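> File model21.cif follows (mmCIF, C-alpha atoms):
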data_data
loop_
_atom_site.label_atom_id
_atom_site.label_comp_id
_atom_site.auth_asym_id
_atom_site.auth_seq_id
_atom_site.Cartn_x
_atom_site.Cartn_y
_atom_site.Cartn_z
CA MET A 37 -34.89 -50.48 17.62
CA GLU A 38 -31.27 -49.36 17.33
CA THR A 39 -30.43 -52.43 15.24
CA GLU A 40 -33.33 -51.72 12.88
CA LYS A 41 -32.13 -48.14 12.45
CA LYS A 42 -28.63 -49.33 11.59
CA SER A 43 -29.98 -51.85 9.09
CA ALA A 44 -32.14 -49.21 7.46
CA ALA A 45 -29.19 -46.82 7.28
CA ALA A 46 -27.00 -49.52 5.73
CA ALA A 47 -29.67 -50.32 3.16
CA GLU A 48 -30.04 -46.65 2.30
CA GLU A 49 -26.28 -46.25 1.98
CA MET A 50 -26.17 -49.27 -0.33
CA THR A 51 -28.95 -47.88 -2.51
CA ASP A 52 -27.10 -44.58 -2.88
CA ARG A 53 -23.90 -46.24 -4.10
CA ASP A 54 -22.92 -46.81 -7.71
CA LEU A 55 -23.25 -50.34 -9.03
CA SER A 56 -19.49 -50.84 -9.09
CA GLU A 57 -19.24 -49.88 -5.41
CA GLN A 58 -22.15 -52.11 -4.52
CA ILE A 59 -20.45 -55.08 -6.14
CA LYS A 60 -17.33 -54.48 -4.06
CA MET A 61 -19.40 -54.29 -0.88
CA VAL A 62 -21.44 -57.45 -1.40
CA THR A 63 -18.45 -59.55 -2.50
CA LYS A 64 -16.09 -58.47 0.26
CA ASP A 65 -16.50 -61.58 2.42
CA SER A 66 -16.36 -63.93 -0.57
CA HIS A 67 -13.19 -62.20 -1.69
CA VAL A 68 -11.51 -62.97 1.62
CA ARG A 69 -12.56 -66.60 1.37
CA ALA A 70 -11.15 -66.84 -2.15
CA GLU A 71 -7.81 -65.48 -0.95
CA ASN A 72 -7.61 -68.22 1.67
CA THR A 73 -8.17 -71.24 -0.54
CA GLU A 74 -5.26 -73.70 -0.64
CA LEU A 75 -4.30 -72.75 -4.18
CA MET A 76 -4.31 -69.02 -3.41
CA LEU A 77 -2.19 -69.51 -0.32
CA SER A 78 0.22 -71.61 -2.35
CA TYR A 79 0.72 -68.72 -4.74
CA GLN A 80 1.16 -66.24 -1.93
CA ARG A 81 3.95 -68.41 -0.55
CA GLY A 82 5.73 -68.15 -3.89
CA LYS A 83 5.15 -71.78 -4.90
CA ILE A 84 3.90 -71.07 -8.40
CA THR A 85 4.83 -73.74 -10.94
CA LEU A 86 4.47 -73.97 -14.68
CA PRO A 87 1.87 -76.75 -14.37
CA GLN A 88 -0.24 -74.51 -12.11
CA TYR A 89 -0.10 -71.69 -14.63
CA LYS A 90 -0.96 -74.03 -17.51
CA LEU A 91 -3.95 -75.44 -15.66
CA LEU A 92 -5.16 -71.94 -14.90
CA LEU A 93 -4.91 -71.04 -18.57
CA CYS A 94 -7.02 -74.07 -19.42
CA SER A 95 -9.77 -72.93 -17.06
CA LEU A 96 -9.51 -69.36 -18.27
CA TYR A 97 -10.01 -70.55 -21.82
CA ASP A 98 -13.19 -72.41 -20.93
CA ILE A 99 -14.61 -69.51 -18.91
CA TYR A 100 -13.74 -66.80 -21.42
CA HIS A 101 -15.06 -68.90 -24.29
CA ALA A 102 -18.45 -68.89 -22.58
CA LEU A 103 -18.30 -65.25 -21.44
CA GLU A 104 -17.24 -63.75 -24.75
CA GLU A 105 -19.70 -65.82 -26.77
CA GLU A 106 -22.53 -64.59 -24.56
CA LEU A 107 -21.33 -60.99 -24.63
CA ASP A 108 -21.14 -61.14 -28.43
CA ARG A 109 -24.61 -62.66 -28.68
CA ASN A 110 -26.10 -60.05 -26.35
CA SER A 111 -24.04 -57.07 -27.52
CA ASN A 112 -27.18 -55.04 -28.35
CA HIS A 113 -28.92 -55.76 -25.05
CA PRO A 114 -29.38 -52.52 -23.03
CA GLY A 115 -27.74 -54.16 -20.02
CA VAL A 116 -24.69 -55.30 -22.00
CA ALA A 117 -24.11 -52.74 -24.77
CA PRO A 118 -22.60 -50.04 -22.50
CA ILE A 119 -19.81 -52.37 -21.30
CA TYR A 120 -19.19 -54.22 -24.58
CA PHE A 121 -15.57 -53.53 -25.58
CA PRO A 122 -14.38 -56.55 -27.61
CA ALA A 123 -11.57 -54.71 -29.42
CA GLU A 124 -10.11 -53.49 -26.14
CA LEU A 125 -10.77 -56.37 -23.74
CA ALA A 126 -11.37 -59.71 -25.48
CA ARG A 127 -9.08 -62.38 -24.00
CA LEU A 128 -9.98 -65.57 -25.84
CA GLU A 129 -7.55 -65.26 -28.75
CA SER A 130 -4.74 -64.29 -26.39
CA ILE A 131 -5.35 -67.35 -24.23
CA GLU A 132 -5.44 -69.53 -27.35
CA ARG A 133 -1.98 -68.27 -28.34
CA ASP A 134 -0.66 -69.05 -24.86
CA LEU A 135 -2.15 -72.54 -24.91
CA GLU A 136 -0.64 -73.23 -28.32
CA TYR A 137 2.75 -72.13 -27.01
CA PHE A 138 2.60 -74.53 -24.06
CA TYR A 139 0.77 -77.48 -25.64
CA GLY A 140 1.41 -77.18 -29.38
CA GLN A 141 -0.97 -76.83 -32.29
CA ASP A 142 -3.13 -79.70 -31.06
CA TRP A 143 -3.70 -78.01 -27.68
CA ARG A 144 -7.48 -78.45 -27.94
CA GLU A 145 -6.97 -82.20 -27.68
CA LYS A 146 -4.80 -81.91 -24.58
CA ILE A 147 -6.32 -79.34 -22.23
CA VAL A 148 -8.18 -80.41 -19.11
CA VAL A 149 -10.35 -78.40 -16.74
CA PRO A 150 -11.95 -79.25 -13.40
CA ALA A 151 -15.67 -79.92 -13.15
CA ALA A 152 -16.09 -76.64 -11.26
CA THR A 153 -14.89 -74.73 -14.31
CA LYS A 154 -17.54 -76.43 -16.44
CA ARG A 155 -20.21 -75.48 -13.91
CA TYR A 156 -19.01 -71.88 -13.97
CA SER A 157 -19.08 -71.74 -17.77
CA HIS A 158 -22.52 -73.34 -17.82
CA ARG A 159 -23.81 -70.64 -15.47
CA ILE A 160 -22.48 -67.89 -17.74
CA ARG A 161 -24.23 -69.42 -20.73
CA GLN A 162 -27.42 -69.81 -18.73
CA ILE A 163 -27.65 -66.17 -17.72
CA GLY A 164 -26.68 -65.13 -21.25
CA LYS A 165 -29.91 -66.75 -22.38
CA GLU A 166 -32.16 -65.90 -19.43
CA ASN A 167 -30.80 -62.71 -17.79
CA PRO A 168 -28.21 -61.03 -20.06
CA GLU A 169 -27.89 -58.04 -17.75
CA PHE A 170 -26.29 -60.36 -15.16
CA LEU A 171 -23.33 -60.82 -17.51
CA VAL A 172 -22.15 -57.44 -16.25
CA ALA A 173 -21.22 -59.02 -12.90
CA HIS A 174 -18.86 -61.51 -14.53
CA ALA A 175 -17.47 -59.14 -17.16
CA TYR A 176 -16.70 -56.42 -14.62
CA THR A 177 -14.93 -58.62 -12.08
CA ARG A 178 -12.96 -60.42 -14.79
CA TYR A 179 -11.91 -57.79 -17.29
CA LEU A 180 -11.06 -54.96 -14.93
CA GLY A 181 -9.01 -57.33 -12.82
CA ASP A 182 -7.17 -58.59 -15.89
CA LEU A 183 -6.50 -55.04 -16.94
CA SER A 184 -5.25 -54.14 -13.47
CA GLY A 185 -2.70 -56.93 -13.73
CA GLY A 186 -1.24 -55.55 -16.91
CA GLN A 187 2.41 -55.62 -17.84
CA ILE A 188 3.81 -55.86 -14.33
CA LEU A 189 2.10 -59.19 -13.66
CA GLY A 190 3.22 -60.42 -17.05
CA ARG A 191 6.82 -59.62 -16.12
CA ILE A 192 6.46 -61.35 -12.75
CA THR A 193 5.10 -64.48 -14.41
CA GLN A 194 7.79 -64.37 -17.08
CA LYS A 195 10.61 -64.18 -14.55
CA SER A 196 9.13 -66.67 -12.11
CA LEU A 197 8.53 -69.33 -14.76
CA GLY A 198 11.65 -68.64 -16.80
CA LEU A 199 9.75 -67.79 -19.98
CA ASN A 200 11.51 -66.17 -22.93
CA GLY A 201 10.22 -62.92 -24.39
CA SER A 202 6.43 -62.60 -24.52
CA ASP A 203 5.79 -66.24 -25.42
CA GLY A 204 3.09 -67.72 -23.22
CA LEU A 205 2.15 -64.30 -21.81
CA SER A 206 -0.34 -62.96 -24.36
CA PHE A 207 -3.08 -63.03 -21.73
CA PHE A 208 -1.54 -60.04 -20.00
CA SER A 209 -1.30 -57.84 -23.09
CA PHE A 210 -4.00 -55.27 -23.93
CA PRO A 211 -2.76 -53.57 -27.11
CA GLY A 212 -6.12 -51.85 -27.60
CA VAL A 213 -5.89 -49.99 -24.27
CA SER A 214 -3.45 -47.09 -24.12
CA SER A 215 -4.15 -46.17 -20.48
CA ALA A 216 -5.45 -48.82 -18.10
CA ASN A 217 -6.53 -46.32 -15.45
CA LEU A 218 -8.47 -44.13 -17.86
CA PHE A 219 -10.13 -47.12 -19.45
CA LYS A 220 -11.19 -48.52 -16.08
CA GLN A 221 -12.77 -45.18 -15.24
CA LEU A 222 -14.66 -45.27 -18.53
CA TYR A 223 -15.77 -48.85 -17.93
CA ARG A 224 -17.07 -48.14 -14.43
CA SER A 225 -18.88 -45.05 -15.69
CA ARG A 226 -20.54 -47.03 -18.47
CA MET A 227 -21.52 -49.80 -16.08
CA ASN A 228 -22.93 -47.39 -13.52
CA SER A 229 -25.07 -45.82 -16.25
CA ILE A 230 -26.96 -49.06 -16.96
CA GLU A 231 -30.62 -48.66 -16.01
CA LEU A 232 -31.82 -51.47 -13.78
CA THR A 233 -34.96 -52.11 -11.81
CA GLU A 234 -34.51 -52.81 -8.12
CA GLU A 235 -35.13 -56.50 -8.78
CA GLU A 236 -32.56 -56.59 -11.59
CA ARG A 237 -29.98 -54.76 -9.49
CA ASN A 238 -30.44 -57.14 -6.58
CA GLY A 239 -30.18 -60.09 -8.94
CA LEU A 240 -26.99 -58.70 -10.47
CA LEU A 241 -25.43 -58.24 -7.02
CA GLU A 242 -26.33 -61.80 -6.13
CA GLU A 243 -24.70 -62.90 -9.38
CA ALA A 244 -21.50 -61.06 -8.45
CA THR A 245 -21.37 -63.00 -5.18
CA ARG A 246 -22.14 -66.20 -7.05
CA SER A 247 -19.21 -65.55 -9.39
CA PHE A 248 -16.86 -65.55 -6.41
CA GLU A 249 -18.35 -68.81 -5.17
CA PHE A 250 -17.67 -70.35 -8.57
CA ASN A 251 -14.12 -69.04 -8.43
CA ILE A 252 -13.55 -70.59 -5.01
CA GLN A 253 -14.83 -73.93 -6.31
CA VAL A 254 -12.53 -73.68 -9.35
CA PHE A 255 -9.52 -72.91 -7.13
CA ASP A 256 -10.29 -75.91 -4.93
CA ASP A 257 -10.77 -78.25 -7.88
CA LEU A 258 -7.55 -77.08 -9.55
CA GLN A 259 -5.64 -77.80 -6.36
CA LYS A 260 -7.18 -81.28 -6.19
CA MET A 261 -6.11 -81.88 -9.78
CA LEU A 262 -2.56 -80.89 -8.95
CA ASN A 263 -2.46 -82.96 -5.77
CA ILE A 264 -3.81 -86.08 -7.47
CA THR A 265 -1.58 -85.73 -10.52
CA GLN A 266 1.51 -85.19 -8.36
CA THR A 267 0.85 -88.49 -6.60
CA GLY A 268 0.57 -90.26 -9.95
CA SER A 269 -3.20 -90.81 -9.94
CA GLU A 270 -5.51 -89.79 -12.73
CA PRO A 271 -8.11 -87.25 -11.50
CA LYS A 272 -11.11 -88.83 -13.21
CA SER A 273 -13.70 -87.88 -10.60
CA GLN A 274 -12.62 -84.28 -10.21
CA THR A 275 -12.13 -83.16 -13.80
CA THR A 276 -13.93 -82.83 -17.06
CA GLN A 277 -11.50 -83.55 -19.87
CA THR A 278 -12.01 -82.09 -23.34
CA SER A 279 -10.89 -85.06 -25.46
CA VAL A 280 -7.39 -85.65 -24.12
CA ALA A 281 -5.44 -87.50 -26.79
CA LYS A 282 -4.52 -91.07 -25.87
CA GLY A 283 -5.32 -90.43 -22.20
CA GLU A 284 -2.54 -87.87 -21.94
CA MET A 285 -2.66 -85.75 -18.79
CA LEU A 286 -0.72 -82.65 -17.84
CA GLN A 287 2.74 -83.54 -16.58
CA ILE A 288 3.48 -81.99 -13.20
CA PRO A 289 7.17 -81.57 -12.41
CA SER A 290 8.30 -81.35 -8.80
CA THR A 291 10.43 -78.23 -9.22
CA MET A 292 9.15 -75.21 -7.37
CA ILE A 293 10.06 -71.62 -8.17
CA ASN A 294 12.01 -69.83 -5.39
CA THR A 295 11.02 -66.22 -5.00
CA SER A 296 11.84 -63.24 -2.80
CA PRO A 297 9.26 -61.91 -0.29
CA LEU A 298 8.42 -59.17 -2.80
CA PHE A 299 7.69 -61.73 -5.50
CA ARG A 300 5.66 -63.85 -3.10
CA MET A 301 3.48 -60.85 -2.35
CA ALA A 302 3.20 -59.99 -6.04
CA LEU A 303 2.37 -63.55 -6.95
CA GLY A 304 -0.37 -63.57 -4.35
CA LEU A 305 -1.77 -60.53 -6.13
CA PHE A 306 -1.25 -62.32 -9.45
CA VAL A 307 -3.57 -65.12 -8.47
CA ILE A 308 -6.25 -62.77 -7.23
CA LEU A 309 -5.91 -60.75 -10.42
CA ALA A 310 -5.31 -63.46 -12.94
CA THR A 311 -7.14 -66.57 -11.89
CA VAL A 312 -10.68 -67.10 -12.79
CA SER A 313 -9.98 -65.06 -11.35
CA MET A 314 -6.85 -63.70 -12.74
CA GLY A 315 -8.06 -60.34 -11.79
CA ILE A 316 -10.98 -60.61 -9.51
CA TYR A 317 -10.72 -57.65 -7.17
CA ALA A 318 -7.78 -55.28 -7.75
CA PHE A 319 -9.84 -52.51 -9.25
#
Take the structure in the file and write it out as C-alpha cells.

Amino acid sequence: METEKKSAAAAEEMTDRDLSEQIKMVTKDSHVRAENTELMLSYQRGKITLPQYKLLLCSLYDIYHALEEELDRNSNHPGVAPIYFPAELARLESIERDLEYFYGQDWREKIVVPAATKRYSHRIRQIGKENPEFLVAHAYTRYLGDLSGGQILGRITQKSLGLNGSDGLSFFSFPGVSSANLFKQLYRSRMNSIELTEEERNGLLEEATRSFEFNIQVFDDLQKMLNITQTGSEPKSQTTQTSVAKGEMLQIPSTMINTSPLFRMALGLFVILATVSMGIYAF
C-alpha cells in the first residue's frame, strides 16, 4: 500500500511538471550511462585528439542534416512551430564550414560516420514524417546543449587542438543569439507551451530517452572506429561511409593532447555538451 502511494505521488508530481523538467527526469539514468561510455571517459581524462573531434563533426553533420530538414519541413506543425528558430540555432552550415576546413572542398567525399549515426538520423526522419511533435525531444536536447557550450567550449577546443583563430570552430558560434541564458529561457517557455495529449506527451518523453540511447550507441561506434583505425584496420563492419574517395579513411595520429585537471573537467563537459551530443544535458 505504501509503495502504491509513493508511485501515485511520483506520477502526480511528474504530471505537474513542465515538459522541459519532465525530459530531465526521464533521461537522468540514460544521461549517467552516456557519461560512462568509453569515448566520454576518454574525453574526461583529457585525451581528446583532432581525429576524435573530426569524427564527431562528421556524425554531427549527418544528424543535424536530418534534424534541420525535418524541422524545416514541419515548421508549421503546432508541435514544432513554437520551437522553430532557424536563424538563431541552425547548425548545419556551421558544421559544413568546419568540415571544409579540416577536409577541404571535397569533404563530402571523405567523411565517414558509424552505422549508429545513420540509425539515429533515420529515426529523426521517421518521426518527422509520422510524429512531428516528437522532434521537440531531439531539438531541445541538442540545441540548448549546444548553446550552453558557447564560446567557452570553443576556446577550450581551440587551445586543446592547437587551432588558429576561429577556423574549425564555427559549430560553437551563435551570432543570432545575443544572450544565451535569455534565449534558453524563451525556448523552454515556448516548448512548455506546446499543447499535447497525454499520449503525445508520454510518447515525446519516450523519444527523449530514445535519443540518449542513440547517443550512447553513436559514442560506442565512434570509439570502435578510432580503435580499429589506430590498429591499421579498416572499420568496414562498424561504419557507413558516404562515398570515401579512393578508399581514403580518416588518418589517426598517435599524439594525445596533454591537459590540466581543469581542462580535463571542461573537456568532459565538452563531450556531454557537444557530442551528438555536443550539448546533451547542460541546460
> Can you list what the PyMOL selection byres ((chain A and resi 257) around 12) grabs from this structure, as JSON, numbers by chain?
{"A": [73, 74, 75, 88, 91, 92, 95, 148, 149, 150, 151, 152, 153, 154, 155, 250, 251, 252, 253, 254, 255, 256, 258, 259, 260, 261, 262, 263, 264, 271, 272, 273, 274, 275, 276]}
> Grab the atom CA of A:Ser214 to atom CA of A:Gly190 distance for me, in Å with one decimal place.
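Calculated distance between atom CA of A:Ser214 and atom CA of A:Gly190 is 16.5 Å.
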> From the options A:Phe219, A:Tyr89, A:Phe207, A:Tyr176, which residue's atoms come nearest to A:Glu57, counting all atoms listed in the file?
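Closest to A:Glu57 of all the choices is A:Tyr176.
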> Just give me the gap between atom CA of A:Glu104 and atom CA of A:Ser196 in Å, one decimal is fine.
29.4 Å
> Using atom CA of A:Thr233 and atom CA of A:Glu169 as the two end points, give the distance in Å to one decimal.
11.0 Å
> Contacts of A:Ala175 at 9 Å or less, counting all atoms listed in the file, minus same-chain residues fewer than 4 places along, as a list in words?
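Counting all atoms listed in the file, the residues come to Leu103, Glu104, Leu107, Ile119, Leu171, Tyr179 and Leu180 of chain A.
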> Can you spell out as a PyMOL selection string the set of residues that the PyMOL selection byres ((chain A and resi 225) around 12) selects in the structure I just provided?
chain A and resi 54-57+118-119+176+218-224+226-230
> Determine the residue membership of the PyMOL selection byres ((chain A and resi 205) around 10) for the file above and supply it as a list in words.
Ser130, Ile131, Arg133, Asp134, Leu135, Tyr137, Gln187, Leu189, Gly190, Arg191, Thr193, Gln194, Leu199, Asn200, Gly201, Ser202, Asp203, Gly204, Ser206, Phe207, Phe208 and Ser209 of chain A
> With only C-alpha atoms as the basis for distance, which of A:Ala173, A:Leu197, A:Leu183, A:Leu86 is at the shortest distance from A:Asn217?
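Answer, going by the shortest atom-to-atom distance: A:Leu183.
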> My list of candidates is A:Arg159, A:Ile99, A:Ser184, A:Val213. Which is closest to A:Ala123 when distances are computed with only C-alpha atoms?
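Checking each candidate against A:Ala123, we get A:Val213 as the closest.
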> Which residue gives the smallest distance to A:Glu136 among A:Leu93, A:Ala70, A:Val116, A:Ile160, with all atoms listed in the file counted?
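Closest candidate: A:Leu93.
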> Considering all atoms listed in the file, return as an mmCIF file with C-alpha atoms, in the coordinates of the input whatever protein or nucleic-acid residues lie within 12 Å of A:Glu106, sequence-local ones (same chain, fewer than 3 positions apart) excluded.

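File written: part.cif
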data_model
loop_
_atom_site.group_PDB
_atom_site.id
_atom_site.type_symbol
_atom_site.label_atom_id
_atom_site.label_comp_id
_atom_site.auth_asym_id
_atom_site.auth_seq_id
_atom_site.Cartn_x
_atom_site.Cartn_y
_atom_site.Cartn_z
ATOM 1 C CA ILE A 99 -14.610 -69.510 -18.910
ATOM 2 C CA TYR A 100 -13.740 -66.800 -21.420
ATOM 3 C CA HIS A 101 -15.060 -68.900 -24.290
ATOM 4 C CA ALA A 102 -18.450 -68.890 -22.580
ATOM 5 C CA LEU A 103 -18.300 -65.250 -21.440
ATOM 6 C CA ARG A 109 -24.610 -62.660 -28.680
ATOM 7 C CA ASN A 110 -26.100 -60.050 -26.350
ATOM 8 C CA SER A 111 -24.040 -57.070 -27.520
ATOM 9 C CA ASN A 112 -27.180 -55.040 -28.350
ATOM 10 C CA HIS A 113 -28.920 -55.760 -25.050
ATOM 11 C CA VAL A 116 -24.690 -55.300 -22.000
ATOM 12 C CA ALA A 117 -24.110 -52.740 -24.770
ATOM 13 C CA TYR A 120 -19.190 -54.220 -24.580
ATOM 14 C CA PRO A 122 -14.380 -56.550 -27.610
ATOM 15 C CA SER A 157 -19.080 -71.740 -17.770
ATOM 16 C CA HIS A 158 -22.520 -73.340 -17.820
ATOM 17 C CA ARG A 159 -23.810 -70.640 -15.470
ATOM 18 C CA ILE A 160 -22.480 -67.890 -17.740
ATOM 19 C CA ARG A 161 -24.230 -69.420 -20.730
ATOM 20 C CA GLN A 162 -27.420 -69.810 -18.730
ATOM 21 C CA ILE A 163 -27.650 -66.170 -17.720
ATOM 22 C CA GLY A 164 -26.680 -65.130 -21.250
ATOM 23 C CA LYS A 165 -29.910 -66.750 -22.380
ATOM 24 C CA GLU A 166 -32.160 -65.900 -19.430
ATOM 25 C CA ASN A 167 -30.800 -62.710 -17.790
ATOM 26 C CA PRO A 168 -28.210 -61.030 -20.060
ATOM 27 C CA GLU A 169 -27.890 -58.040 -17.750
ATOM 28 C CA PHE A 170 -26.290 -60.360 -15.160
ATOM 29 C CA LEU A 171 -23.330 -60.820 -17.510
ATOM 30 C CA VAL A 172 -22.150 -57.440 -16.250
ATOM 31 C CA HIS A 174 -18.860 -61.510 -14.530
ATOM 32 C CA ALA A 175 -17.470 -59.140 -17.160
#
> Mind writing stretch 194-217 of chain A to a file for me, with N, CA and C atoms, as an mmCIF file, in the first residue's frame?

data_model
loop_
_atom_site.group_PDB
_atom_site.id
_atom_site.type_symbol
_atom_site.label_atom_id
_atom_site.label_comp_id
_atom_site.auth_asym_id
_atom_site.auth_seq_id
_atom_site.Cartn_x
_atom_site.Cartn_y
_atom_site.Cartn_z
ATOM 1 N N GLN A 194 39.763 25.031 -29.107
ATOM 2 C CA GLN A 194 40.800 25.726 -29.862
ATOM 3 C C GLN A 194 42.170 25.521 -29.225
ATOM 4 N N LYS A 195 42.253 25.711 -27.929
ATOM 5 C CA LYS A 195 43.538 25.591 -27.247
ATOM 6 C C LYS A 195 44.006 24.143 -27.196
ATOM 7 N N SER A 196 43.093 23.227 -26.928
ATOM 8 C CA SER A 196 43.472 21.827 -26.791
ATOM 9 C C SER A 196 43.980 21.236 -28.106
ATOM 10 N N LEU A 197 43.367 21.650 -29.214
ATOM 11 C CA LEU A 197 43.739 21.093 -30.511
ATOM 12 C C LEU A 197 44.726 21.956 -31.282
ATOM 13 N N GLY A 198 45.104 23.098 -30.703
ATOM 14 C CA GLY A 198 46.077 23.956 -31.360
ATOM 15 C C GLY A 198 45.553 24.598 -32.629
ATOM 16 N N LEU A 199 44.272 24.944 -32.646
ATOM 17 C CA LEU A 199 43.675 25.578 -33.826
ATOM 18 C C LEU A 199 43.943 27.075 -33.810
ATOM 19 N N ASN A 200 44.040 27.663 -35.006
ATOM 20 C CA ASN A 200 44.303 29.090 -35.127
ATOM 21 C C ASN A 200 43.014 29.866 -35.366
ATOM 22 N N GLY A 201 42.828 30.936 -34.607
ATOM 23 C CA GLY A 201 41.653 31.776 -34.778
ATOM 24 C C GLY A 201 40.376 30.988 -34.570
ATOM 25 N N SER A 202 39.364 31.273 -35.398
ATOM 26 C CA SER A 202 38.078 30.591 -35.278
ATOM 27 C C SER A 202 37.924 29.470 -36.298
ATOM 28 N N ASP A 203 38.967 29.198 -37.070
ATOM 29 C CA ASP A 203 38.895 28.153 -38.082
ATOM 30 C C ASP A 203 38.613 26.798 -37.440
ATOM 31 N N GLY A 204 37.628 26.104 -37.968
ATOM 32 C CA GLY A 204 37.272 24.789 -37.458
ATOM 33 C C GLY A 204 36.375 24.819 -36.243
ATOM 34 N N LEU A 205 35.948 26.012 -35.820
ATOM 35 C CA LEU A 205 35.171 26.155 -34.589
ATOM 36 C C LEU A 205 33.827 26.844 -34.815
ATOM 37 N N SER A 206 33.366 26.879 -36.054
ATOM 38 C CA SER A 206 32.105 27.565 -36.353
ATOM 39 C C SER A 206 30.930 26.965 -35.602
ATOM 40 N N PHE A 207 31.008 25.676 -35.315
ATOM 41 C CA PHE A 207 29.918 24.986 -34.621
ATOM 42 C C PHE A 207 29.535 25.677 -33.322
ATOM 43 N N PHE A 208 30.513 26.265 -32.653
ATOM 44 C CA PHE A 208 30.270 26.842 -31.337
ATOM 45 C C PHE A 208 29.718 28.263 -31.388
ATOM 46 N N SER A 209 29.660 28.849 -32.557
ATOM 47 C CA SER A 209 29.266 30.251 -32.679
ATOM 48 C C SER A 209 27.773 30.387 -32.973
ATOM 49 N N PHE A 210 27.101 31.243 -32.195
ATOM 50 C CA PHE A 210 25.682 31.539 -32.387
ATOM 51 C C PHE A 210 25.506 33.045 -32.565
ATOM 52 N N PRO A 211 25.852 33.579 -33.719
ATOM 53 C CA PRO A 211 25.784 35.033 -33.918
ATOM 54 C C PRO A 211 24.371 35.604 -33.805
ATOM 55 N N GLY A 212 23.351 34.761 -33.973
ATOM 56 C CA GLY A 212 21.976 35.241 -33.890
ATOM 57 C C GLY A 212 21.422 35.291 -32.485
ATOM 58 N N VAL A 213 22.222 34.871 -31.492
ATOM 59 C CA VAL A 213 21.776 34.862 -30.097
ATOM 60 C C VAL A 213 22.647 35.818 -29.295
ATOM 61 N N SER A 214 22.045 36.881 -28.805
ATOM 62 C CA SER A 214 22.816 37.879 -28.048
ATOM 63 C C SER A 214 23.021 37.477 -26.594
ATOM 64 N N SER A 215 22.067 36.740 -26.019
ATOM 65 C CA SER A 215 22.179 36.277 -24.638
ATOM 66 C C SER A 215 21.721 34.825 -24.578
ATOM 67 N N ALA A 216 22.662 33.920 -24.320
ATOM 68 C CA ALA A 216 22.330 32.501 -24.291
ATOM 69 C C ALA A 216 21.318 32.186 -23.196
ATOM 70 N N ASN A 217 21.499 32.744 -22.020
ATOM 71 C CA ASN A 217 20.604 32.453 -20.906
ATOM 72 C C ASN A 217 19.174 32.916 -21.178
#
